[in-house]
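Participant: Sharing a structure below in structure tokens format, with a few things to ask.
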Amino acid sequence: MTSDTTDPTPPADPVFGPGTRVLVTGAASGLGAAITAAARARGAQVLATDRDGDDLAEHEGEGIARLDITSDDDWAAAVAWVERRWGALDVLVNNAGVAGGGRLDQAGLDEWQWLFDVNVFGMVRGVRAFTPMLKQHGGHVVDVASLAALVHPAGMASYNAAKAAVLAFTETVGHELASYGVTAHAVCPSYFRTNLMDSLRGRDTAIAQVMSRLVTDSPVSAEDVAEAVLAGVEAGEELILPDPAARAAYRMKVDDRSAYDGVMRHQAARLEQLSTVTTSEEQA
């Protein structure tokens with residue numbers, strides 16, 4: 001038996017479907033490369049950019065175009081390219097970023113400045129550059145933050161603060177541009193396997209060891225996170241927690257603050273122990 005009733009509401013077009021115009025920063029490797037591949041597999045047109053790519057003014061194909069997110073000139077060139085080739089942008093993925101950290105008496109202000117220049121102001125530059133276009137056409141802003149925006153382990157004050165700033169910025173973008181048909185999404189993954197540690201700077205060798213081990217040992221790949229990001233955007237999630245560890249850690253903080261504080265302070269004590277061992281080995 002067949003039904004003679006039909007659903008009067010057609011399904012919405014997928015955000016990353018054929019014809020969607022997407023710009024991804026930090027696309028040469030890691031999560032940026034995985035998001036680029038996943039979006040292209042769904043039929044999207046992707047302008048994949050990275051600091052070490054080819055000249056954007058001459059970029060025509062599906063290679064990597066140069067975009068240094070700390071350069072206003074590079075962002076202006078990206079806007080000009082999109083206007084010339086596509087006319088508008090549907091999804092801006094601010095993925096490019098760097099790793100850092102260090103305990104309060106170890107990390108220098110130069111390290112703090114570098115982290116904020118790249119991870120915060122690079123993203124701010126990109127959104128500001130594309131805001132006039134987004135106001136005209138609507139779209140999505142996807143900012144890759146970190147679980148560190150929500151859960152704040154010891155030894156990572158600079159990174160935690162930078163990623164928390166990204167989260168606050170993204171929420172503000174979503175509120176300010178909502179009336180123009182723009183949705184902003186903050187992505188907050190836990191540790192996953194990527195080459196982010198290649199960018200790590202800092203004097204605190206103990207925290208560098210901890211972070212590198214957590215990345216290397218993670219069961220979650222960049223491809224896993226990329227698929228969760230695309231699914232979250234298409235589901236309209238403004239806070240995307242793309243892996244089980246991120247969801248569990250954030251839920252603990254929300255549901256049982258005393259347990260969360262206990263875990264964070266235990267980790268801080270272990271970091272101090274590791275630092276003592278590391279210092280002794282370096283002096284031997």
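FYI, nothing fancy with the structure tokens labels: chains A, B, ... in order, residues from 1 per chain, ligands from 1 as they appear.
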Excluding Val82 in chain A and residues on its chain fewer than 5 positions from it, collect all residues at most 12 Å away from it, counting only C-alpha atoms, and give them as a PyMOL selection string.
Facilitator: chain A and resi 21-23+45-48+56-57+59-60+75-77+87-92+129-130+133-134
Participant: For Glu234 in chain A, find every residue with an atom within 12 Å (counting only C-alpha atoms), except residues of its own chain fewer than 4 positions away, and show them as a count of residues only.
Facilitator: 20
Participant: Check range 5-237 of chain A with DSSP on the backbone and list each residue it calls alpha helix (DSSP H), as a ChimeraX atom specification.
Facilitator: /A:30-41,72-85,109-115,121-137,157-177,205-217,222-234
Participant: Which residues are close to range 154-167 of chain A, i.e. within 8 Å by only C-alpha atoms, leaving aside same-chain residues fewer than 5 positions away? Reply as a ChimeraX atom specification.
Facilitator: /A:99-104,111-112,115-116,119-120,123,143,145-146,148-149,186,207,264-265,267-268,271
Participant: Restrict the calculation to only C-alpha atoms, then for each residue of range 57-147 of chain A with any atom at most 12 Å from an atom of range 33-36 of chain A give the closest atom pair and their distance in Å to one decimal, rows by chain and rising residue number, as a tab-separated table.
Facilitator:
```
residue	atom	partner	partner_atom	distance
A:Glu62	CA	A:Thr36	CA	10.1
A:Gly63	CA	A:Thr36	CA	10.8
A:Ile64	CA	A:Ala33	CA	9.8
A:Val91	CA	A:Thr36	CA	11.6
A:Leu92	CA	A:Thr36	CA	11.6
A:Val93	CA	A:Ile35	CA	8.8
A:Asn94	CA	A:Ile35	CA	11.0
A:Asn95	CA	A:Ile35	CA	9.2
A:Ala96	CA	A:Ala33	CA	10.6
A:Val142	CA	A:Ile35	CA	11.1
A:Val144	CA	A:Ile35	CA	11.1
```
Participant: Given only C-alpha atoms as the basis, pick out the residue of A:Ala80, A:Ala245, A:Val124, A:Ile69 nearest to Pro219 in chain A.
Facilitator: A:Ala245
Participant: Between CA of Ala168 in chain A and CA of Val127 in chain A, what distance in Å does the model show, to one decimal?
Facilitator: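 According to the coordinates, CA of Ala168 in chain A and CA of Val127 in chain A are separated by 13.6 Å.
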